[in-house]
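*Asks:* This one is final.txt, compact mmCIF, C-alpha atoms.
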```
# COMPACT_ATOMS: atom_id res chain seq x y z
CA MET A 30 -15.11 -11.17 -17.35
CA ARG A 31 -12.92 -8.90 -19.43
CA ILE A 32 -11.26 -6.10 -17.47
CA GLN A 33 -9.68 -3.29 -19.44
CA GLY A 34 -7.84 -0.04 -19.03
CA LEU A 35 -7.99 1.84 -15.77
CA THR A 36 -10.85 -0.37 -14.59
CA PHE A 37 -8.40 -3.26 -14.18
CA LEU A 38 -5.91 -1.13 -12.26
CA VAL A 39 -8.59 0.16 -9.89
CA ILE A 40 -9.97 -3.33 -9.20
CA LEU A 41 -6.45 -4.62 -8.67
CA GLY A 42 -5.76 -1.77 -6.25
CA LEU A 43 -8.85 -2.67 -4.22
CA ALA A 44 -7.84 -6.33 -4.04
CA ILE A 45 -4.34 -5.42 -2.95
CA SER A 46 -3.49 -4.47 0.61
CA PRO A 47 -4.35 -0.87 1.57
CA PHE A 48 -0.69 -0.07 1.05
CA ARG A 49 -0.98 -0.46 -2.73
CA SER A 50 -3.70 1.95 -3.82
CA ALA A 51 -4.29 2.56 -7.52
CA GLN A 52 -4.67 6.27 -6.91
CA ALA A 53 -1.65 7.11 -4.73
CA GLN A 54 1.84 5.82 -4.20
CA GLN A 55 1.85 3.75 -1.04
CA GLU A 56 4.89 2.52 0.86
CA ALA A 57 6.20 -0.78 -0.48
CA GLN A 58 5.42 -4.00 1.38
CA PHE A 59 8.07 -6.60 2.29
CA SER A 60 7.83 -9.87 4.18
CA HIS A 61 11.38 -9.46 5.56
CA ASN A 62 10.13 -6.49 7.58
CA MET A 63 12.18 -7.52 10.63
CA PHE A 64 15.34 -6.99 8.53
CA ASN A 65 14.08 -3.82 6.86
CA ASN A 66 13.77 -1.24 9.65
CA MET A 67 16.04 1.20 7.83
CA ALA A 68 13.59 1.49 4.94
CA ILE A 69 10.66 2.57 7.12
CA ASN A 70 12.25 4.40 10.08
CA PRO A 71 14.92 7.12 9.66
CA GLY A 72 15.71 6.87 13.38
CA TYR A 73 17.35 3.48 12.73
CA ALA A 74 20.30 4.95 10.78
CA GLY A 75 23.65 3.91 12.24
CA LEU A 76 22.33 2.16 15.36
CA ARG A 77 24.06 -1.13 14.49
CA SER A 78 27.63 0.28 14.86
CA ALA A 79 28.34 -1.01 11.36
CA ILE A 80 28.11 0.02 7.72
CA CYS A 81 25.18 -2.07 6.49
CA ALA A 82 23.70 -2.52 3.03
CA THR A 83 20.38 -4.37 2.72
CA ALA A 84 18.87 -5.34 -0.65
CA LEU A 85 15.39 -6.78 -1.17
CA ALA A 86 13.76 -8.12 -4.33
CA ARG A 87 10.06 -9.01 -4.27
CA GLN A 88 7.80 -10.61 -6.88
CA GLN A 89 4.28 -10.26 -5.52
CA TRP A 90 1.31 -12.34 -6.67
CA VAL A 91 3.25 -14.22 -9.34
CA GLY A 92 1.04 -15.23 -12.24
CA LEU A 93 -1.30 -12.26 -12.06
CA ARG A 94 -2.14 -11.03 -15.59
CA ASP A 95 -4.69 -8.79 -17.24
CA ALA A 96 -7.32 -9.86 -19.77
CA ASN A 97 -4.76 -9.69 -22.59
CA GLY A 98 -2.24 -11.87 -20.78
CA ALA A 99 0.10 -9.00 -19.89
CA LYS A 100 2.07 -9.41 -16.68
CA VAL A 101 0.77 -6.95 -14.07
CA ASN A 102 1.87 -8.39 -10.71
CA PRO A 103 3.78 -5.93 -8.48
CA GLU A 104 7.59 -6.06 -8.57
CA THR A 105 9.59 -4.21 -5.93
CA TYR A 106 13.33 -3.71 -5.47
CA SER A 107 14.91 -1.90 -2.53
CA LEU A 108 18.43 -1.01 -1.40
CA THR A 109 19.30 0.81 1.84
CA VAL A 110 22.74 1.71 3.18
CA ASP A 111 23.35 3.20 6.62
CA ALA A 112 26.39 3.91 8.79
CA PRO A 113 27.23 5.51 12.14
CA ILE A 114 29.08 8.84 11.97
CA PRO A 115 30.66 9.48 15.43
CA PHE A 116 31.55 13.14 14.89
CA LEU A 117 27.90 13.83 13.91
CA LYS A 118 26.74 12.00 17.07
CA GLY A 119 24.50 9.83 14.98
CA GLY A 120 24.16 8.02 11.67
CA VAL A 121 23.33 8.66 8.03
CA ALA A 122 21.44 6.61 5.45
CA ILE A 123 20.48 6.50 1.81
CA GLY A 124 17.82 4.33 0.22
CA PHE A 125 16.68 3.47 -3.31
CA LEU A 126 13.36 1.95 -4.39
CA GLN A 127 11.81 0.75 -7.63
CA ASP A 128 8.20 -0.36 -7.43
CA GLN A 129 6.16 -1.38 -10.46
CA LEU A 130 2.45 -2.22 -10.59
CA GLY A 131 1.14 -3.00 -14.04
CA PHE A 132 1.80 0.01 -16.26
CA GLU A 133 2.77 2.24 -13.31
CA LYS A 134 6.42 2.54 -12.24
CA ASN A 135 7.76 4.37 -9.20
CA THR A 136 11.45 5.13 -8.63
CA GLY A 137 12.57 6.85 -5.46
CA VAL A 138 15.54 7.88 -3.36
CA LYS A 139 15.63 8.85 0.32
CA ILE A 140 18.42 10.49 2.34
CA GLY A 141 18.35 10.69 6.12
CA TYR A 142 20.14 11.44 9.37
CA ALA A 143 19.53 10.15 12.91
CA TYR A 144 20.79 11.64 16.17
CA HIS A 145 21.84 8.97 18.70
CA LEU A 146 20.90 9.47 22.34
CA PRO A 147 22.62 6.98 24.73
CA LEU A 148 20.31 5.65 27.44
CA ASP A 149 20.88 3.41 30.48
CA PHE A 150 19.93 0.17 28.72
CA GLY A 151 20.44 1.01 25.06
CA LYS A 152 20.37 3.76 22.48
CA LEU A 153 17.64 5.92 20.97
CA GLY A 154 17.84 7.16 17.39
CA ILE A 155 15.76 10.19 16.38
CA GLY A 156 15.84 10.76 12.64
CA ALA A 157 14.54 12.71 9.67
CA GLN A 158 14.55 11.82 6.01
CA VAL A 159 13.84 13.59 2.73
CA GLY A 160 12.59 11.59 -0.23
CA PHE A 161 12.08 12.09 -3.95
CA LEU A 162 9.73 9.90 -6.00
CA ASP A 163 9.42 9.74 -9.79
CA LYS A 164 6.01 8.28 -10.73
CA ARG A 165 5.47 7.20 -14.34
CA ILE A 166 2.35 5.78 -16.00
CA ASP A 167 2.26 4.56 -19.60
CA PHE A 168 -1.30 5.42 -20.62
CA GLY A 169 -0.67 4.13 -24.14
CA LYS A 170 -0.65 0.51 -22.88
CA PHE A 171 -4.20 0.63 -21.52
CA GLU A 172 -7.18 -0.54 -23.56
CA PRO A 173 -10.07 1.90 -22.99
CA ILE A 174 -13.53 0.44 -22.51
CA THR A 175 -14.90 3.57 -24.18
CA PRO A 176 -13.09 4.23 -27.49
CA GLY A 177 -11.33 7.58 -27.54
CA ASP A 178 -11.25 7.93 -23.74
CA PRO A 179 -9.22 11.19 -23.32
CA VAL A 180 -7.59 9.90 -20.11
CA LEU A 181 -5.92 7.08 -22.03
CA ILE A 182 -4.81 9.07 -25.06
CA GLY A 183 -1.05 9.57 -25.23
CA GLY A 184 2.02 7.74 -24.00
CA GLU A 185 4.06 7.80 -20.82
CA GLU A 186 3.67 10.66 -18.35
CA SER A 187 5.62 11.31 -15.17
CA HIS A 188 5.70 13.55 -12.12
CA MET A 189 8.32 14.12 -9.43
CA PHE A 190 7.14 14.18 -5.80
CA ALA A 191 9.18 15.46 -2.83
CA ASP A 192 8.29 14.58 0.75
CA PHE A 193 9.84 13.80 4.13
CA SER A 194 9.65 11.37 7.05
CA LEU A 195 10.33 11.40 10.81
CA GLY A 196 11.03 8.50 13.15
CA ALA A 197 12.38 7.28 16.47
CA PHE A 198 13.94 3.87 17.09
CA TYR A 199 15.06 2.42 20.45
CA GLN A 200 17.47 -0.49 20.59
CA ALA A 201 18.14 -2.08 24.00
CA ASN A 202 21.61 -3.67 23.89
CA ASN A 203 20.68 -5.84 20.87
CA GLN A 204 18.10 -7.73 22.96
CA SER A 205 14.90 -5.81 22.22
CA PHE A 206 13.75 -2.93 20.04
CA ALA A 207 10.83 -0.62 19.34
CA GLY A 208 10.24 2.08 16.79
CA ILE A 209 7.66 4.47 15.41
CA SER A 210 7.78 6.59 12.25
CA VAL A 211 5.62 8.68 9.93
CA SER A 212 6.33 8.88 6.20
CA GLN A 213 5.12 11.12 3.36
CA ILE A 214 4.18 13.73 5.94
CA ARG A 215 3.38 16.60 3.58
CA GLN A 216 1.31 14.33 1.28
CA ALA A 217 2.77 15.81 -1.89
CA GLY A 218 0.51 15.84 -4.93
CA GLY A 219 0.59 16.38 -8.68
CA PHE A 220 -1.21 15.63 -11.96
CA LEU A 221 -0.64 12.66 -14.23
CA GLY A 222 -2.87 12.74 -17.25
CA GLU A 223 -6.16 14.13 -15.98
CA SER A 224 -5.84 12.55 -12.53
CA ASP A 225 -4.68 14.28 -9.35
CA TYR A 226 -2.29 11.92 -7.57
CA ARG A 227 -1.45 12.50 -3.92
CA LEU A 228 0.89 10.61 -1.61
CA ARG A 229 -0.68 9.30 1.57
CA ARG A 230 0.76 9.80 5.01
CA HIS A 231 1.71 6.49 6.68
CA ILE A 232 2.55 5.51 10.22
CA PHE A 233 4.68 2.48 11.15
CA ALA A 234 5.10 0.96 14.60
CA THR A 235 7.36 -2.01 15.28
CA ALA A 236 8.61 -3.93 18.32
CA GLY A 237 10.35 -7.21 19.09
CA PHE A 238 12.95 -8.98 21.18
CA HIS A 239 15.53 -11.79 21.04
CA HIS A 240 15.28 -14.55 23.66
CA VAL A 241 18.09 -17.09 24.09
CA LEU A 242 16.74 -20.40 25.39
CA ALA A 243 18.21 -21.14 28.81
CA SER A 244 17.87 -24.89 28.24
CA ASN A 245 19.69 -24.70 24.89
CA PRO A 246 21.61 -21.44 24.25
CA ALA A 247 22.20 -22.44 20.62
CA TYR A 248 18.63 -21.39 19.86
CA THR A 249 17.33 -17.82 19.84
CA ILE A 250 13.63 -17.02 19.46
CA SER A 251 12.80 -13.63 17.95
CA PRO A 252 9.12 -12.60 17.93
CA SER A 253 8.25 -9.21 16.44
CA THR A 254 5.38 -7.26 14.99
CA LEU A 255 4.89 -4.43 12.50
CA VAL A 256 1.77 -2.27 12.39
CA LYS A 257 1.13 -0.13 9.29
CA SER A 258 -1.59 2.41 8.67
CA ASP A 259 -2.43 5.11 6.15
CA PHE A 260 -4.90 6.59 8.69
CA LYS A 261 -7.78 5.01 6.76
CA SER A 262 -6.91 1.33 7.10
CA ILE A 263 -4.52 -0.74 9.22
CA GLN A 264 -2.44 -3.85 8.61
CA PHE A 265 -0.43 -6.14 10.91
CA ASP A 266 2.61 -8.35 10.32
CA ILE A 267 3.10 -10.85 13.15
CA ASN A 268 6.49 -12.60 12.96
CA ALA A 269 8.40 -15.34 14.76
CA LEU A 270 11.94 -16.45 13.87
CA VAL A 271 14.14 -19.17 15.38
CA THR A 272 17.92 -18.85 14.88
CA TYR A 273 20.37 -21.72 15.43
CA ASN A 274 23.98 -20.96 16.44
CA ASN A 275 23.56 -17.46 15.02
CA ARG A 276 23.93 -19.12 11.61
CA PHE A 277 20.62 -20.52 10.32
CA TRP A 278 17.13 -19.15 10.80
CA GLY A 279 13.60 -20.09 9.93
CA GLY A 280 10.22 -18.74 10.84
CA VAL A 281 6.72 -17.73 9.93
CA SER A 282 4.82 -14.49 9.51
CA PHE A 283 1.10 -13.84 9.36
CA ARG A 284 -0.49 -10.90 7.58
CA PRO A 285 -4.25 -11.10 8.28
CA GLN A 286 -6.47 -11.07 5.18
CA ASP A 287 -3.40 -11.23 2.92
CA ALA A 288 -0.86 -14.04 3.42
CA MET A 289 0.88 -16.66 5.51
CA VAL A 290 4.66 -16.39 5.07
CA ILE A 291 7.51 -18.90 5.41
CA LEU A 292 11.00 -17.46 5.96
CA LEU A 293 14.40 -19.19 5.69
CA GLY A 294 17.90 -17.74 5.91
CA VAL A 295 21.56 -18.11 6.72
CA ASN A 296 24.30 -15.92 8.17
CA TYR A 297 27.82 -16.38 6.84
CA GLU A 298 30.38 -14.12 8.49
CA GLN A 299 29.22 -10.59 7.55
CA ILE A 300 26.67 -11.70 4.94
CA SER A 301 23.01 -12.64 5.53
CA ILE A 302 20.80 -14.23 2.88
CA GLY A 303 17.07 -14.81 3.30
CA TYR A 304 14.14 -16.12 1.26
CA SER A 305 10.42 -15.90 1.91
CA TYR A 306 7.35 -17.35 0.24
CA ASP A 307 3.91 -15.80 0.77
CA LEU A 308 0.94 -18.13 0.50
CA THR A 309 -1.85 -15.78 -0.59
CA THR A 310 -4.94 -16.06 1.64
CA SER A 311 -6.88 -13.14 0.14
CA ARG A 312 -9.39 -13.37 -2.72
CA LEU A 313 -6.55 -13.21 -5.25
CA GLY A 314 -5.32 -16.58 -4.01
CA ALA A 315 -8.80 -18.05 -3.69
CA MET A 316 -9.58 -17.15 -7.30
CA GLY A 317 -6.42 -18.92 -8.45
CA ARG A 318 -5.03 -15.75 -10.04
CA SER A 319 -1.91 -15.71 -7.86
CA TYR A 320 0.74 -18.36 -7.21
CA GLY A 321 1.95 -16.53 -4.13
CA SER A 322 4.82 -14.09 -3.63
CA HIS A 323 8.60 -14.60 -3.60
CA GLU A 324 11.15 -12.40 -1.88
CA ILE A 325 14.95 -12.49 -1.51
CA MET A 326 16.93 -10.53 1.08
CA LEU A 327 20.70 -9.91 0.95
CA ARG A 328 22.55 -7.98 3.66
CA TYR A 329 26.22 -7.14 4.14
CA CYS A 330 27.43 -5.48 7.35
CA PHE A 331 30.96 -4.23 7.91
CA GLU A 332 31.55 -3.96 11.66
CA LEU A 333 33.24 -0.79 12.93
CA ASP A 334 35.39 -0.35 16.03
CA LEU A 335 33.81 2.93 17.09
CA ASP A 336 35.78 3.18 20.34
CA LYS A 337 39.02 3.13 18.34
CA ILE A 338 37.69 5.67 15.85
CA GLN A 339 36.65 8.04 18.64
CA GLU A 340 40.05 7.68 20.34
CA ILE A 341 41.83 8.57 17.09
CA GLN A 342 39.67 11.65 16.70
CA ARG A 343 40.47 12.84 20.21
CA ASN A 344 44.25 12.48 19.60
CA ILE A 345 44.60 13.66 16.05
CA ARG A 346 48.35 14.44 16.34
CA PHE A 347 49.19 10.85 17.32
CA LEU A 348 47.83 8.88 14.32
```
Go ahead and express the file in the form of structure tokens.

*Replies:*
Amino acid sequence: MRIQGLTFLVILGLAISPFRSAQAQQEAQFSHNMFNNMAINPGYAGLRSAICATALARQQWVGLRDANGAKVNPETYSLTVDAPIPFLKGGVAIGFLQDQLGFEKNTGVKIGYAYHLPLDFGKLGIGAQVGFLDKRIDFGKFEPITPGDPVLIGGEESHMFADFSLGAFYQANNQSFAGISVSQIRQAGGFLGESDYRLRRHIFATAGFHHVLASNPAYTISPSTLVKSDFKSIQFDINALVTYNNRFWGGVSFRPQDAMVILLGVNYEQISIGYSYDLTTSRLGAMGRSYGSHEIMLRYCFELDLDKIQEIQRNIRFL
């Protein structure tokens, strides 16, 4: 069957998870979600007592093409940087995202702050974030089913969206964690071509813990889960990682009605490198149109001695 123009994009959007709609920018999906809390929860900024930069590159549904053989599988690239700022009693963060689906390209930046509230068994971060998204669609690359379709006449069009997010993240002495956040709260909208595009509000909830085996302390088991919803549909990521000597890790993740995921990684001093492969279990995989998804994670964390920094600030004349 030949699929053309916007028809292809709409059908693709329906086959994709509910977080990749053809009619509204949805939050990007990553399999390394347990390493990507900063991207979805502004309350996480600075909680690690380190300056951390996390980069993710994802090629989703490799091999997916339209009727003319053009590559249309989603490609997503993300970079987040966060750091604690003691004199602000919290942390700050900045994030960049590029997400492309077929002839649609989204480029965004987010800036946030989190206030840190010390608790008996850990620390709670309460944060806010403002984001700007540039959405571009090249209508000239579509092939209209109806010749002269006015929606597909012209070239590339773009619109800038501005929105904000709120979140809270609790970290219990590096042993367990839980967080909840809401993104794209104002559901900003605008016109591209003759279509009214509107961002959807999303809610994220995550929790997990790290358990060191008493019989063999070299091994740490880290189960976690991430729940995502756009208030119309819901999706779960259920994860389990095993880390050896705080150096090597491996694990699996299950995303019902979408994919089974294998994760591998290594820590080397302040650098972490991870790779994941998604085995597509949805209809896209069953139809043989997708060879699965690949994702690479790279993180660098520079540890800070916050006690020393705070002492210097209290005795500024004795540097």

*Asks:* Out of A:Ala207, A:Ile123, A:Cys81, A:Ile166, which residue has the shortest atom-to-atom distance to A:Gly184 when counting all atoms listed in the file?

*Replies:* A:Ile166

*Asks:* Once you count all atoms listed in the file, which residues end up no further than 12 Å from (2.2, 4.0, 8.8) in the file's frame, shown as a VMD selection string?

*Replies:* chain A and resid 47 to 48 55 to 58 69 to 70 194 to 196 208 to 214 229 to 235 255 to 265

*Asks:* What does the structure give for the distance between atom CA of A:Leu308 and atom CA of A:Val101, in Å to one decimal?

*Replies:* 18.4 Å

*Asks:* Counting all atoms listed in the file, figure out which residue out of A:Cys330, A:Leu148, A:Ile300, A:Ala201 gets nearest to A:Gly75.

*Replies:*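 Looking only at the distances to A:Gly75, the closest residue turns out to be A:Cys330.
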
*Asks:* Might you pull out every residue within 7 Å of A:Asp307, with all atoms listed in the file counted and same-chain residues fewer than 2 positions away left off, and present them as JSON, numbers by chain?

*Replies:* {"A": [288, 289, 290, 291, 305, 309, 321, 322, 323]}

*Asks:* Create the file for the chosen residues now, containing C-alpha atoms and written as a PDB file, in the frame of the given file.

*Replies:*
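The new file again25.pdb reads:
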```
ATOM      1  CA  ALA A 288      -0.860 -14.040   3.420  1.00  0.00           C
ATOM      2  CA  MET A 289       0.880 -16.660   5.510  1.00  0.00           C
ATOM      3  CA  VAL A 290       4.660 -16.390   5.070  1.00  0.00           C
ATOM      4  CA  ILE A 291       7.510 -18.900   5.410  1.00  0.00           C
ATOM      5  CA  SER A 305      10.420 -15.900   1.910  1.00  0.00           C
ATOM      6  CA  THR A 309      -1.850 -15.780  -0.590  1.00  0.00           C
ATOM      7  CA  GLY A 321       1.950 -16.530  -4.130  1.00  0.00           C
ATOM      8  CA  SER A 322       4.820 -14.090  -3.630  1.00  0.00           C
ATOM      9  CA  HIS A 323       8.600 -14.600  -3.600  1.00  0.00           C
TER      10      HIS A 323
END
```

*Asks:* For A:Gln204, find every residue with an atom within 8 Å (counting all atoms listed in the file), except residues of its own chain fewer than 2 positions away, and show them as an MDAnalysis selection string.

*Replies:* chainID A and resid 200:202 206 238:240

*Asks:* Ranking A:Leu93, A:Phe161, A:Ser253, A:Asn296 by minimum distance to A:Gly280 and counting all atoms listed in the file, which one comes first?

*Replies:* A:Ser253

*Asks:* List the neighbours of A:Asn274 out to 12 Å using only C-alpha atoms; skip same-chain residues closer than 3 positions along the sequence, and give me the result as a PyMOL selection string.

*Replies:* chain A and resi 241-242+245-250+271+277-278+295-297

*Asks:* Please produce a file of the residues just selected, as a short mmCIF file (atom, residue, chain, number, x, y, z; two decimals), keeping the file's coordinate frame, where the atoms kept are C-alpha atoms.

*Replies:*
```
data_model
loop_
_atom_site.label_atom_id
_atom_site.label_comp_id
_atom_site.auth_asym_id
_atom_site.auth_seq_id
_atom_site.Cartn_x
_atom_site.Cartn_y
_atom_site.Cartn_z
CA VAL A 241 18.09 -17.09 24.09
CA LEU A 242 16.74 -20.40 25.39
CA ASN A 245 19.69 -24.70 24.89
CA PRO A 246 21.61 -21.44 24.25
CA ALA A 247 22.20 -22.44 20.62
CA TYR A 248 18.63 -21.39 19.86
CA THR A 249 17.33 -17.82 19.84
CA ILE A 250 13.63 -17.02 19.46
CA VAL A 271 14.14 -19.17 15.38
CA PHE A 277 20.62 -20.52 10.32
CA TRP A 278 17.13 -19.15 10.80
CA VAL A 295 21.56 -18.11 6.72
CA ASN A 296 24.30 -15.92 8.17
CA TYR A 297 27.82 -16.38 6.84
#
```

*Asks:* What does the distance from atom CA of A:Leu153 to atom CA of A:Phe198 come to in Å, to one decimal?

*Replies:* 5.7 Å

*Asks:* Grab the atom CA of A:Tyr73 to atom CA of A:Met326 distance for me, in Å with one decimal place.

*Replies:*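 One can read the atom CA of A:Tyr73 to atom CA of A:Met326 distance as 18.2 Å.
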
*Asks:* Restricting the calculation to only C-alpha atoms: of A:Gly120, A:Asp192, A:Asp287, A:Gly294, which residue gets closest to A:Gln216?

*Replies:*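 Residue with the minimum atom-to-atom distance to A:Gln216: A:Asp192.
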
*Asks:* Pick the closest to A:Pro113 from A:Gly160, A:Gly72, A:Gly131, A:Gly137: which is it, counting only C-alpha atoms?

*Replies:*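 Among the listed residues, A:Gly72 lies closest to A:Pro113.
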
*Asks:* Neighbouring residues of A:Ala86 were defined as those with any atom within 10 Å, considering only C-alpha atoms; residues of the same chain fewer than 6 positions away were excluded. Please report them as a list of chain:residue names.

*Replies:*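 Final neighbour list, sorted by chain and number: A:Phe59, A:Glu104, A:Thr105, A:Tyr106, A:Ser107, A:Leu108, A:Gln127, A:Tyr304, A:His323, A:Glu324, A:Ile325, A:Met326, A:Leu327.
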